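J.: Dropping in protein_32.cif, with mmCIF, C-alpha atoms and all ligand atoms.
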```
data_final
#
loop_
_atom_site.label_atom_id
_atom_site.label_comp_id
_atom_site.auth_asym_id
_atom_site.auth_seq_id
_atom_site.Cartn_x
_atom_site.Cartn_y
_atom_site.Cartn_z
CA MET A 1 110.73 91.73 93.76
CA GLY A 2 112.59 94.01 96.19
CA GLY A 3 114.42 92.14 98.96
CA ALA A 4 118.11 91.84 99.76
CA ALA A 5 119.86 88.95 98.03
CA ALA A 6 122.61 86.74 99.44
CA LEU A 7 125.65 86.25 97.24
CA ALA A 8 128.49 83.86 98.05
CA VAL A 9 131.89 84.75 96.53
CA SER A 10 134.95 82.50 96.81
CA ILE A 11 138.31 84.31 96.92
CA ALA A 12 141.53 82.42 97.55
CA GLY A 13 139.71 79.53 99.19
CA LEU A 14 137.66 81.78 101.47
CA THR A 15 133.91 82.04 100.99
CA ILE A 16 132.57 85.51 101.64
CA HIS A 17 128.83 85.93 102.06
CA VAL A 18 127.66 89.26 100.75
CA MET A 19 124.18 90.69 101.28
CA THR A 20 123.41 92.86 98.30
CA ALA A 21 121.43 96.02 98.99
CA PRO A 22 117.70 95.57 98.46
CA SER A 23 116.67 96.77 95.02
CA PRO A 24 114.09 99.56 95.22
CA ARG A 25 110.53 98.45 94.73
CA LYS A 26 108.55 100.01 91.92
CA LEU A 27 105.03 101.32 92.11
CA LEU A 28 102.87 102.57 89.30
CA LEU A 29 100.39 104.94 90.93
CA GLY A 30 97.31 105.55 88.80
CA ILE A 31 95.29 108.64 89.64
CA THR A 32 91.81 109.17 88.25
CA GLY A 33 89.41 112.10 88.31
CA GLY A 34 87.96 112.67 91.76
CA ILE A 35 88.44 115.18 94.54
CA ALA A 36 90.30 112.52 96.57
CA ALA A 37 93.12 112.91 94.00
CA TYR A 38 94.68 115.46 96.33
CA LYS A 39 95.19 112.69 98.90
CA ALA A 40 97.19 110.72 96.31
CA ALA A 41 100.00 113.23 96.86
CA GLU A 42 100.39 112.02 100.44
CA LEU A 43 100.19 108.42 99.25
CA ALA A 44 102.99 109.01 96.72
CA ARG A 45 105.05 110.62 99.48
CA LEU A 46 104.61 107.61 101.81
CA PHE A 47 105.83 105.19 99.14
CA VAL A 48 108.78 107.41 98.20
CA LYS A 49 109.70 107.77 101.88
CA ALA A 50 109.66 103.99 102.24
CA GLY A 51 112.18 103.70 99.41
CA TRP A 52 109.86 102.92 96.49
CA GLN A 53 110.32 104.28 92.98
CA VAL A 54 106.96 105.77 92.09
CA GLN A 55 105.76 106.43 88.54
CA VAL A 56 102.51 108.38 88.45
CA VAL A 57 100.05 107.96 85.60
CA MET A 58 97.12 110.40 85.59
CA THR A 59 93.92 110.31 83.60
CA ALA A 60 92.89 113.52 81.86
CA HIS A 61 90.18 114.08 84.47
CA ALA A 62 92.65 113.65 87.33
CA THR A 63 94.71 116.58 86.04
CA GLU A 64 91.63 118.79 86.51
CA PHE A 65 91.93 118.19 90.27
CA VAL A 66 95.69 118.20 90.92
CA ALA A 67 98.54 119.46 88.77
CA PRO A 68 100.91 116.75 87.47
CA LEU A 69 103.78 118.95 88.68
CA THR A 70 102.81 118.13 92.29
CA PHE A 71 103.51 114.45 91.67
CA GLN A 72 106.62 115.14 89.62
CA ALA A 73 108.04 117.09 92.56
CA LEU A 74 107.17 114.30 95.00
CA THR A 75 108.38 111.36 92.92
CA GLY A 76 111.19 112.90 90.89
CA ARG A 77 109.63 111.39 87.76
CA GLU A 78 107.69 113.03 85.00
CA VAL A 79 104.01 112.16 85.22
CA ARG A 80 102.66 110.13 82.31
CA GLY A 81 99.20 110.74 80.91
CA ALA A 82 98.98 110.49 77.15
CA LEU A 83 98.68 107.16 75.38
CA PHE A 84 100.17 108.40 72.15
CA ASP A 85 103.09 110.57 73.16
CA PRO A 86 106.07 110.14 70.79
CA GLN A 87 108.59 111.57 73.27
CA HIS A 88 107.63 109.24 76.14
CA GLU A 89 106.94 106.24 73.93
CA ALA A 90 110.51 106.55 72.63
CA ALA A 91 111.90 106.40 76.19
CA MET A 92 109.56 103.88 77.86
CA GLY A 93 106.64 102.72 75.76
CA HIS A 94 103.34 101.81 77.32
CA ILE A 95 104.00 98.08 77.16
CA GLU A 96 107.37 98.55 78.87
CA LEU A 97 105.65 100.77 81.43
CA ALA A 98 103.11 98.02 82.10
CA ARG A 99 105.98 95.59 82.78
CA TRP A 100 108.02 98.00 84.91
CA PRO A 101 106.26 98.08 88.34
CA ASP A 102 106.03 95.51 91.12
CA ALA A 103 102.44 96.66 91.67
CA ILE A 104 99.85 99.06 90.32
CA VAL A 105 97.70 101.06 92.73
CA ILE A 106 94.84 103.19 91.42
CA ALA A 107 93.94 105.78 94.06
CA PRO A 108 91.45 107.30 93.79
CA ALA A 109 89.71 104.86 91.45
CA SER A 110 86.63 106.55 89.99
CA ALA A 111 83.43 104.67 89.09
CA ASN A 112 84.32 105.33 85.44
CA THR A 113 87.80 103.78 85.65
CA ILE A 114 86.42 100.81 87.62
CA ALA A 115 83.84 100.30 84.86
CA LYS A 116 86.51 100.51 82.18
CA LEU A 117 88.71 97.97 83.98
CA ALA A 118 85.75 95.62 84.37
CA GLN A 119 85.06 95.83 80.63
CA GLY A 120 88.71 95.57 79.62
CA ARG A 121 88.72 98.89 77.80
CA ALA A 122 91.97 100.53 76.75
CA ASP A 123 91.10 104.07 75.72
CA ASP A 124 93.72 105.94 77.74
CA LEU A 125 97.19 105.22 79.13
CA LEU A 126 96.07 103.99 82.57
CA SER A 127 93.40 101.57 81.34
CA THR A 128 95.77 100.32 78.63
CA LEU A 129 98.50 99.65 81.21
CA CYS A 130 96.07 97.75 83.42
CA LEU A 131 95.10 95.57 80.49
CA ALA A 132 98.71 94.96 79.47
CA THR A 133 100.07 93.98 82.90
CA ASP A 134 100.21 90.84 84.98
CA LYS A 135 101.34 92.69 88.12
CA PRO A 136 99.21 92.90 91.30
CA LEU A 137 96.53 95.54 90.83
CA PHE A 138 94.96 97.43 93.72
CA VAL A 139 91.94 99.66 93.23
CA VAL A 140 91.04 102.21 95.88
CA PRO A 141 87.52 103.39 95.13
CA ALA A 142 86.45 106.94 95.95
CA MET A 143 83.14 108.38 94.89
CA ASN A 144 79.80 109.82 95.92
CA ARG A 145 77.73 107.41 98.03
CA LEU A 146 75.05 106.91 95.37
CA MET A 147 77.61 106.20 92.65
CA TRP A 148 79.18 103.75 95.09
CA SER A 149 75.96 101.93 95.93
CA ASN A 150 74.83 101.82 92.29
CA ALA A 151 74.44 98.21 91.17
CA ALA A 152 76.65 98.89 88.14
CA THR A 153 79.60 99.89 90.33
CA GLN A 154 79.05 96.99 92.72
CA ASP A 155 78.82 94.47 89.87
CA ASN A 156 81.94 95.88 88.22
CA LEU A 157 83.92 95.55 91.44
CA ALA A 158 82.63 92.04 92.10
CA LEU A 159 83.90 91.11 88.63
CA LEU A 160 87.30 92.70 89.26
CA ARG A 161 87.64 90.93 92.64
CA ARG A 162 86.86 87.62 90.96
CA ARG A 163 89.73 88.33 88.54
CA GLY A 164 92.12 88.85 91.46
CA VAL A 165 92.09 92.65 91.62
CA GLN A 166 92.48 93.78 95.23
CA GLN A 167 89.96 96.31 96.41
CA LEU A 168 90.96 98.63 99.27
CA GLY A 169 88.03 100.42 100.89
CA PRO A 170 86.11 102.59 100.61
CA GLY A 171 85.34 103.93 104.06
CA SER A 172 82.37 105.97 105.06
CA GLY A 173 82.02 109.47 106.43
CA SER A 174 81.47 112.99 105.20
CA GLN A 175 82.09 113.42 101.47
CA ALA A 176 83.38 116.34 99.43
CA CYS A 177 79.92 116.66 97.86
CA GLY A 178 78.49 117.47 101.30
CA GLU A 179 76.77 114.11 101.74
CA ILE A 180 77.55 111.49 104.34
CA GLY A 181 77.90 107.84 103.43
CA GLU A 182 80.06 105.13 101.94
CA GLY A 183 82.50 105.95 99.16
CA ARG A 184 85.20 107.90 100.96
CA MET A 185 88.72 106.98 99.89
CA TRP A 186 90.81 105.18 102.49
CA GLU A 187 93.43 107.32 104.18
CA PRO A 188 96.89 107.22 102.54
CA GLU A 189 98.50 105.41 105.52
CA GLN A 190 95.86 102.73 105.39
CA ILE A 191 96.41 102.23 101.65
CA PHE A 192 100.18 102.16 102.10
CA ASP A 193 99.95 99.61 104.92
CA SER A 194 97.57 97.35 103.04
CA VAL A 195 99.64 97.39 99.85
CA SER A 196 102.86 96.76 101.83
CA ALA A 197 101.17 93.94 103.74
CA ALA A 198 99.76 92.37 100.59
CA LEU A 199 103.09 92.55 98.75
CA GLY A 200 104.99 91.37 101.79
CA GLN A 201 107.80 93.41 103.28
CA THR A 202 110.61 91.83 105.24
CA LYS A 203 108.65 89.03 106.81
CA ASP A 204 110.57 89.06 110.11
CA LEU A 205 107.45 87.92 111.97
CA ALA A 206 106.52 85.08 109.61
CA GLY A 207 105.30 82.07 111.57
CA LEU A 208 104.46 84.15 114.64
CA HIS A 209 101.00 84.97 115.93
CA ALA A 210 100.35 88.42 117.38
CA VAL A 211 97.25 89.53 119.23
CA VAL A 212 96.33 93.22 119.45
CA THR A 213 93.57 94.76 121.53
CA ALA A 214 92.30 98.15 120.32
CA GLY A 215 89.63 100.76 120.78
CA PRO A 216 87.56 101.61 123.83
CA THR A 217 85.39 99.27 125.86
CA ARG A 218 81.75 99.93 126.64
CA GLU A 219 80.49 99.13 130.11
CA PRO A 220 76.68 98.94 130.13
CA LEU A 221 74.59 100.74 132.75
CA ASP A 222 71.20 99.69 131.38
CA PRO A 223 69.90 98.50 127.97
CA VAL A 224 70.61 101.91 126.36
CA ARG A 225 73.47 103.53 128.26
CA PHE A 226 77.12 102.76 128.79
CA ILE A 227 80.37 104.17 130.17
CA SER A 228 83.14 104.51 127.59
CA ASN A 229 86.08 106.73 126.61
CA ARG A 230 87.44 108.74 123.68
CA SER A 231 89.69 106.07 122.18
CA SER A 232 89.23 105.81 118.38
CA GLY A 233 91.21 102.57 118.03
CA LYS A 234 93.39 104.13 115.29
CA GLN A 235 96.74 103.47 116.97
CA GLY A 236 95.86 99.87 117.85
CA TYR A 237 94.60 99.18 114.32
CA ALA A 238 97.78 100.69 112.89
CA VAL A 239 99.87 98.40 115.14
CA ALA A 240 97.85 95.38 113.95
CA ALA A 241 98.43 96.42 110.31
CA ALA A 242 102.15 96.97 110.90
CA LEU A 243 102.53 93.54 112.55
CA ALA A 244 100.69 91.91 109.63
CA SER A 245 102.88 93.73 107.11
CA ARG A 246 105.90 92.07 108.75
CA GLY A 247 104.42 88.63 108.22
CA ALA A 248 102.72 87.94 111.58
CA LYS A 249 99.37 86.24 111.75
CA VAL A 250 97.33 88.90 113.55
CA THR A 251 94.18 88.68 115.65
CA LEU A 252 92.68 92.07 116.42
CA ILE A 253 90.34 92.18 119.41
CA SER A 254 88.44 95.39 118.98
CA GLY A 255 86.10 97.46 121.08
CA PRO A 256 83.50 99.50 119.16
CA THR A 257 85.22 101.66 116.49
CA GLN A 258 84.37 103.19 113.12
CA LEU A 259 87.44 101.71 111.46
CA PRO A 260 87.68 99.21 108.60
CA THR A 261 89.58 95.99 109.31
CA PRO A 262 93.14 96.17 107.96
CA ALA A 263 93.83 93.70 105.13
CA GLY A 264 94.71 90.14 106.10
CA ILE A 265 93.78 90.45 109.77
CA THR A 266 91.25 88.45 111.80
CA ARG A 267 89.12 90.83 113.81
CA ILE A 268 86.96 89.87 116.78
CA ASP A 269 84.55 92.55 118.02
CA VAL A 270 83.81 92.90 121.73
CA GLU A 271 82.12 95.53 123.86
CA SER A 272 82.93 95.20 127.56
CA ALA A 273 86.24 94.67 129.37
CA GLU A 274 85.04 91.28 130.57
CA GLN A 275 84.34 90.17 126.99
CA MET A 276 87.74 91.51 125.93
CA LEU A 277 89.38 89.56 128.76
CA GLY A 278 87.74 86.26 127.75
CA ILE A 279 88.74 86.56 124.07
CA SER A 280 92.21 87.87 124.99
CA LEU A 281 92.98 84.90 127.24
CA ALA A 282 91.87 82.44 124.57
CA ALA A 283 93.81 84.20 121.78
CA ALA A 284 96.93 84.71 123.91
CA ALA A 285 97.20 80.96 124.47
CA GLU A 286 98.05 80.60 120.77
CA ALA A 287 100.23 83.71 120.43
CA GLN A 288 103.86 84.76 120.91
CA ILE A 289 103.26 88.54 120.95
CA PHE A 290 100.40 90.39 122.64
CA VAL A 291 99.90 94.16 122.33
CA GLY A 292 97.31 95.71 124.65
CA ALA A 293 96.48 98.97 122.89
CA ALA A 294 92.84 99.05 123.99
CA ALA A 295 91.65 101.79 126.32
CA VAL A 296 89.95 99.41 128.71
CA ALA A 297 87.49 100.97 131.14
CA ASP A 298 88.90 100.60 134.64
CA TYR A 299 85.46 100.29 136.21
CA ARG A 300 82.05 98.89 135.24
CA ALA A 301 78.61 99.29 136.80
CA SER A 302 78.31 96.98 139.81
CA SER A 303 74.91 95.97 138.55
CA VAL A 304 73.43 96.53 135.09
CA ALA A 305 69.79 97.66 135.27
CA PRO A 306 67.57 95.28 133.27
CA GLU A 307 65.31 98.19 132.20
CA LYS A 308 66.16 101.77 131.19
CA ILE A 309 67.00 103.75 134.34
CA LYS A 310 64.34 106.40 134.90
CA LYS A 311 65.06 110.04 135.66
CA SER A 312 64.15 110.75 139.31
CA GLY A 313 66.05 112.87 141.89
CA GLU A 314 68.43 115.83 141.25
CA ALA A 315 71.44 113.59 141.66
CA MET A 316 72.06 109.91 141.16
CA THR A 317 74.83 107.69 142.41
CA LEU A 318 76.36 104.92 140.35
CA THR A 319 78.24 102.17 142.11
CA LEU A 320 81.17 100.93 140.06
CA SER A 321 83.30 97.81 140.43
CA LYS A 322 86.87 97.42 139.26
CA ASN A 323 87.37 95.66 135.93
CA PRO A 324 89.91 92.88 135.61
CA ASP A 325 93.32 94.04 134.34
CA ILE A 326 93.54 92.23 131.01
CA LEU A 327 97.32 92.52 130.59
CA ALA A 328 98.01 91.33 134.14
CA ARG A 329 95.67 88.36 133.65
CA VAL A 330 97.22 87.52 130.27
CA ARG A 331 100.68 87.66 131.86
CA ALA A 332 99.60 85.36 134.71
CA ALA A 333 98.25 82.84 132.18
CA GLN A 334 101.15 83.13 129.67
CA PRO A 335 104.47 83.83 131.42
CA ALA A 336 106.51 83.40 128.21
CA LEU A 337 104.44 85.75 126.03
CA PHE A 338 106.07 88.95 124.71
CA LEU A 339 103.69 91.44 126.27
CA VAL A 340 103.36 95.09 125.21
CA GLY A 341 101.19 97.62 127.01
CA PHE A 342 100.19 101.21 126.41
CA ALA A 343 99.99 103.96 129.00
CA ALA A 344 97.91 107.04 128.28
CA GLU A 345 98.90 109.74 130.76
CA THR A 346 98.10 113.36 131.50
CA GLU A 347 101.01 113.78 133.96
CA LYS A 348 104.30 112.15 135.09
CA LEU A 349 104.46 110.07 131.91
CA ALA A 350 107.74 108.24 132.52
CA GLU A 351 107.07 107.53 136.19
CA HIS A 352 103.59 106.11 135.57
CA ALA A 353 104.69 104.15 132.51
CA ARG A 354 107.64 102.53 134.32
CA GLY A 355 105.32 101.68 137.23
CA LYS A 356 102.92 99.87 134.85
CA LEU A 357 105.78 98.11 133.07
CA GLU A 358 106.79 96.56 136.38
CA LYS A 359 103.36 95.97 137.90
CA LYS A 360 101.94 94.24 134.80
CA GLN A 361 105.26 92.47 134.07
CA LEU A 362 105.41 93.79 130.52
CA ASN A 363 108.30 93.45 128.07
CA LEU A 364 107.64 96.92 126.66
CA ILE A 365 105.32 99.83 127.36
CA ALA A 366 104.42 102.63 124.92
CA ALA A 367 103.41 105.78 126.74
CA ASN A 368 101.71 108.81 125.27
CA TRP A 369 100.29 112.07 126.50
CA VAL A 370 96.51 112.33 126.32
CA GLY A 371 94.00 115.09 126.88
CA ALA A 372 93.88 118.59 125.35
CA GLY A 373 93.67 117.30 121.77
CA LYS A 374 96.52 114.80 122.18
CA ALA A 375 96.44 111.18 120.93
CA PHE A 376 92.77 110.19 121.32
CA ASP A 377 90.95 110.44 118.00
CA THR A 378 93.78 112.40 116.39
CA GLU A 379 95.71 111.38 113.25
CA ASP A 380 99.23 111.81 114.67
CA ASN A 381 100.85 110.41 117.77
CA ALA A 382 104.19 110.38 119.58
CA LEU A 383 105.33 107.65 121.97
CA SER A 384 107.86 107.22 124.77
CA LEU A 385 108.96 103.60 124.96
CA PHE A 386 110.18 101.94 128.15
CA TRP A 387 111.41 98.41 128.62
CA PRO A 388 113.44 96.74 131.36
CA GLY A 389 116.86 98.34 130.92
CA GLY A 390 116.05 100.80 128.17
CA GLU A 391 113.96 103.57 126.72
CA ALA A 392 113.45 105.38 123.40
CA GLU A 393 111.29 108.04 121.83
CA ILE A 394 109.16 107.84 118.70
CA ALA A 395 108.71 111.38 117.40
CA SER A 396 105.32 112.71 116.36
CA ALA A 397 104.18 111.17 113.07
CA SER A 398 101.12 109.51 111.56
CA LYS A 399 99.80 106.64 113.66
CA ALA A 400 100.80 104.24 110.84
CA GLU A 401 104.39 105.50 110.90
CA VAL A 402 104.50 105.38 114.71
CA ALA A 403 103.17 101.81 114.55
CA ARG A 404 105.90 100.82 112.08
CA GLN A 405 108.59 102.15 114.41
CA LEU A 406 106.98 100.49 117.43
CA VAL A 407 106.91 97.16 115.59
CA ASP A 408 110.63 97.60 114.74
CA ARG A 409 111.30 97.91 118.47
CA ILE A 410 109.07 94.93 119.31
CA ILE A 411 110.98 92.79 116.80
CA ALA A 412 114.37 93.89 118.14
CA LEU A 413 113.41 93.20 121.77
CA TYR A 414 111.61 89.95 120.93
CA ARG A 415 114.73 88.67 119.19
CA SER A 416 117.11 89.76 121.94
CA ARG A 417 115.30 87.84 124.69
O1 LIG B 1 96.64 100.66 134.14
P1 LIG B 1 96.31 101.34 132.88
O2 LIG B 1 94.87 101.19 132.49
O3 LIG B 1 96.73 102.74 132.76
O4 LIG B 1 97.21 100.55 131.82
C1 LIG B 1 97.08 100.71 130.46
C2 LIG B 1 97.46 99.44 129.76
O5 LIG B 1 96.82 98.34 130.40
C3 LIG B 1 96.98 99.40 128.32
O6 LIG B 1 97.88 98.61 127.57
C4 LIG B 1 95.62 98.74 128.41
O7 LIG B 1 95.27 98.07 127.22
C5 LIG B 1 95.84 97.77 129.56
N1 LIG B 1 94.66 97.55 130.41
C6 LIG B 1 94.22 96.27 130.58
N2 LIG B 1 93.14 96.03 131.38
C7 LIG B 1 92.53 97.03 132.05
C8 LIG B 1 92.99 98.33 131.89
C9 LIG B 1 94.06 98.57 131.06
O8 LIG B 1 94.79 95.36 130.01
N3 LIG B 1 91.50 96.76 132.79
#
```
Spell out the structure here as structure tokens.
T.:
Amino acid sequence: MGGAAALAVSIAGLTIHVMTAPSPRKLLLGITGGIAAYKAAELARLFVKAGWQVQVVMTAHATEFVAPLTFQALTGREVRGALFDPQHEAAMGHIELARWPDAIVIAPASANTIAKLAQGRADDLLSTLCLATDKPLFVVPAMNRLMWSNAATQDNLALLRRRGVQQLGPGSGSQACGEIGEGRMWEPEQIFDSVSAALGQTKDLAGLHAVVTAGPTREPLDPVRFISNRSSGKQGYAVAAALASRGAKVTLISGPTQLPTPAGITRIDVESAEQMLGISLAAAAEAQIFVGAAAVADYRASSVAPEKIKKSGEAMTLTLSKNPDILARVRAAQPALFLVGFAAETEKLAEHARGKLEKKQLNLIAANWVGAGKAFDTEDNALSLFWPGGEAEIASASKAEVARQLVDRIIALYRSR
């Protein structure tokens, strides 16, 4: 599958090593009937952008939600739908189509299609292809929360997982039907990252261990209250996923977030900066790369009240103590580690970022503007990168795309040390 191949040619006694261009990878994207079908357009675009050939197969119900023409325009290939279509069968029959891809992703996967796959039915093109293939199959469920929690759906998915089908998601949140709960389709970037990671891209980081901290910390004041910040953890999680997709073993040390764990990653949940420090020091001892993307609270309550603090006067004063600087402590313990920090700034971005690069003895710092709707809890991000002797910009893009570019830079700098 994919991958550049080495070819050695001997001409007049000289051996010339030629790297052939990587052959494009092939994805069969199955789309079933659900409102999340509109998000499949973005998913198709991400794969096409990453150099994949994408063949879309839609169920009849899917075409009620999005026009096949949308996917034809995005993929440059006519969308397939009918099982018995003489014109298409003459060009690439359904058995050939089942053999063609490197992977099949069904997104969104409706409860109905999941049930059909579990039973091995073949009553339309997509279900027939799934039955007639031995390629990796990913299902990305998306449905109403009650359909999701129904024992039939859960049993069907358990059966599919046992057969080696890879299930991605779902997440939880507000649903198109107006309800809130589990059953929301994963975001396209998350699906793309997980499929890429599972299929293995260029494994430049194979054999290396990377640790990523992400999300906010919570510093308790009493048994019910805490000090925290607006970090969603999305950028840190995307960095963890991007490192894993390049073959690294990844440990994600996460403050409280609403995010699902990216595929193939070990996640350790913490709350306070002190907990994050303890786990970070232990994990860093086994790692070669450490990325501190967490928004660690700089201060914590000097003393945590054992009981809920009662309302009394018009004003109250909290005494705060400085938290340990996790990156600085990790650096002191592991001088050889490749250490990456983040700097979230509202002013003088380059000056502050360069100051932190030096003070924390980092190999690379990724700085971004925050405040006024920028970066925290948004879907897109832009980064200014600084390292000793260089700098670069990553233009505004999805956090997954930004993470991929950041990991490219980490790999280049790690190798050039
Ligand atoms: O000094 P400042 O908090 O702005 O630096 C941000 C960087 O330092 C981030 O990479 C963050 O994860 C890390 N940090 C840390 N320990 C702290 C505060 C921030 O490691 N106590």
J.: Report the distance between CA of Gly390 in chain A and CA of Ser416 in chain A in Å, rounded to one decimal place.
T.: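 Atom-to-atom, CA of Gly390 in chain A to CA of Ser416 in chain A, that is 12.7 Å.
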J.: In terms of the shortest atom-to-atom distance over all atoms listed in the file, which of A:Val211, A:Leu259, A:Ala242, A:Ile265 is closest to ligand LIG 1 (chain B)?
T.: A:Val211
J.: Assuming 5 Å of padding per side, give the centre and edge lengths of the axis-aligned box around every listed atom of range 250-256 of chain A, in Å to one decimal and as lines of an AutoDock Vina configuration file.
T.:
```
center_x = 90.4
center_y = 94.1
center_z = 117.3
size_x = 23.8
size_y = 20.8
size_z = 17.5
```
J.: To one decimal in Å, tell me the separation between atom O5 of ligand LIG 1 (chain B) and CA of Ser302 in chain A.
T.: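 Between atom O5 of ligand LIG 1 (chain B) and CA of Ser302 in chain A the gap works out to 20.8 Å.
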J.: To one decimal place in Å, what is the distance between CA of Arg161 in chain A and CA of Ala98 in chain A?
T.: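 These atoms are spaced 20.0 Å apart.
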J.: List every protein, DNA or RNA residue that has at least one atom no more than 9 Å from (86.9, 118.1, 97.4) in the file's coordinates, counting only C-alpha atoms, and write the result as a list in words.
T.: Gly34, Ile35, Ala36, Ala37, Tyr38, Phe65, Gln175, Ala176 and Cys177 of chain A
J.: Leaving out Asn112 in chain A and any residue of its chain fewer than 5 positions from it, which residues lie within 12 Å of it when counting all atoms listed in the file, given as a PyMOL selection string?
T.: chain A and resi 32-34+59+61-62+117-119+121+123+127+141-143+147-148+152-153+156-157
J.: Any idea what's packed within 12 Å of Trp387 in chain A, counting only C-alpha atoms, ignoring anything in its chain fewer than 2 positions away? Could you give it as an mmCIF file with C-alpha atoms, in the frame of the given file?
T.:
```cif
data_model
loop_
_atom_site.group_PDB
_atom_site.id
_atom_site.type_symbol
_atom_site.label_atom_id
_atom_site.label_comp_id
_atom_site.auth_asym_id
_atom_site.auth_seq_id
_atom_site.Cartn_x
_atom_site.Cartn_y
_atom_site.Cartn_z
ATOM 1 C CA PHE A 338 106.070 88.950 124.710
ATOM 2 C CA LEU A 339 103.690 91.440 126.270
ATOM 3 C CA VAL A 340 103.360 95.090 125.210
ATOM 4 C CA GLY A 341 101.190 97.620 127.010
ATOM 5 C CA PHE A 342 100.190 101.210 126.410
ATOM 6 C CA ALA A 350 107.740 108.240 132.520
ATOM 7 C CA ALA A 353 104.690 104.150 132.510
ATOM 8 C CA ARG A 354 107.640 102.530 134.320
ATOM 9 C CA GLY A 355 105.320 101.680 137.230
ATOM 10 C CA LYS A 356 102.920 99.870 134.850
ATOM 11 C CA LEU A 357 105.780 98.110 133.070
ATOM 12 C CA GLU A 358 106.790 96.560 136.380
ATOM 13 C CA GLN A 361 105.260 92.470 134.070
ATOM 14 C CA LEU A 362 105.410 93.790 130.520
ATOM 15 C CA ASN A 363 108.300 93.450 128.070
ATOM 16 C CA LEU A 364 107.640 96.920 126.660
ATOM 17 C CA ILE A 365 105.320 99.830 127.360
ATOM 18 C CA ALA A 366 104.420 102.630 124.920
ATOM 19 C CA ALA A 367 103.410 105.780 126.740
ATOM 20 C CA SER A 384 107.860 107.220 124.770
ATOM 21 C CA LEU A 385 108.960 103.600 124.960
ATOM 22 C CA GLY A 389 116.860 98.340 130.920
ATOM 23 C CA GLY A 390 116.050 100.800 128.170
ATOM 24 C CA GLU A 391 113.960 103.570 126.720
ATOM 25 C CA ALA A 392 113.450 105.380 123.400
ATOM 26 C CA GLU A 393 111.290 108.040 121.830
ATOM 27 C CA ARG A 409 111.300 97.910 118.470
ATOM 28 C CA ILE A 410 109.070 94.930 119.310
ATOM 29 C CA ALA A 412 114.370 93.890 118.140
ATOM 30 C CA LEU A 413 113.410 93.200 121.770
ATOM 31 C CA TYR A 414 111.610 89.950 120.930
ATOM 32 C CA ARG A 417 115.300 87.840 124.690
#
```
J.: Show me which residues line ligand LIG 1 (chain B), defined as having an atom within 7 Å of a ligand atom where all atoms listed in the file count, and present them as a list in words.
T.: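 Counting only what the definition allows, namely all atoms listed in the file, the set is Thr213, Ala273, Gly292, Ala293, Ala294, Ala295, Val296, Ala297, Asp298, Asn323, Pro324, Asp325, Ile326, Leu327, Ala328, Val340, Gly341, Phe342, Ala343, Ala344 and Lys356 of chain A.
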J.: Write out as a ChimeraX atom specification which residues come within 12 Å of Phe138 in chain A when counting only C-alpha atoms, dropping same-chain ones fewer than 3 positions away.
T.: /A:27-31,102-109,114,117,130,135,141,157,160-161,163-169,191-192,194-196,198-199
J.: Out of A:Ala382, A:Ala241, A:Ala210, A:Ala151, which residue has the shortest atom-to-atom distance to Leu337 in chain A when counting all atoms listed in the file?
T.: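 The answer is A:Ala210, which sits nearest to Leu337 in chain A.
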J.: Between A:Glu42, A:Trp100, A:Ala111, A:Thr133, which has the minimum distance to Arg25 in chain A (counting only C-alpha atoms)?
T.: A:Trp100
J.: Let me make sure I understand: among A:Val66, A:Leu277, A:Ala50, A:Val330, which one has the smallest atom-to-atom distance to Ile253 in chain A if we use all atoms listed in the file?
T.: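 Of A:Val66, A:Leu277, A:Ala50, A:Val330, the one nearest Ile253 in chain A is A:Leu277, counting all atoms listed in the file.
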J.: For Glu307 in chain A, list every protein, DNA or RNA residue within 9 Å, evaluated using only C-alpha atoms, and leave out those in the same chain fewer than 6 positions away; present the list as number ranges by chain.
T.: A: 222-224
J.: Which range 282-347 of chain A residues have any atom within 7 Å of an atom of range 200-209 of chain A, and for each, what is the nearest pair of atoms with distance in Å to one decimal, counting only C-alpha atoms, rows sorted by chain and number, as a Markdown table?
T.:
```
| residue | atom | partner | partner_atom | distance |
| --- | --- | --- | --- | --- |
| A:Ala287 | CA | A:His209 | CA | 4.7 |
| A:Gln288 | CA | A:His209 | CA | 5.7 |
| A:Ile289 | CA | A:His209 | CA | 6.6 |
```
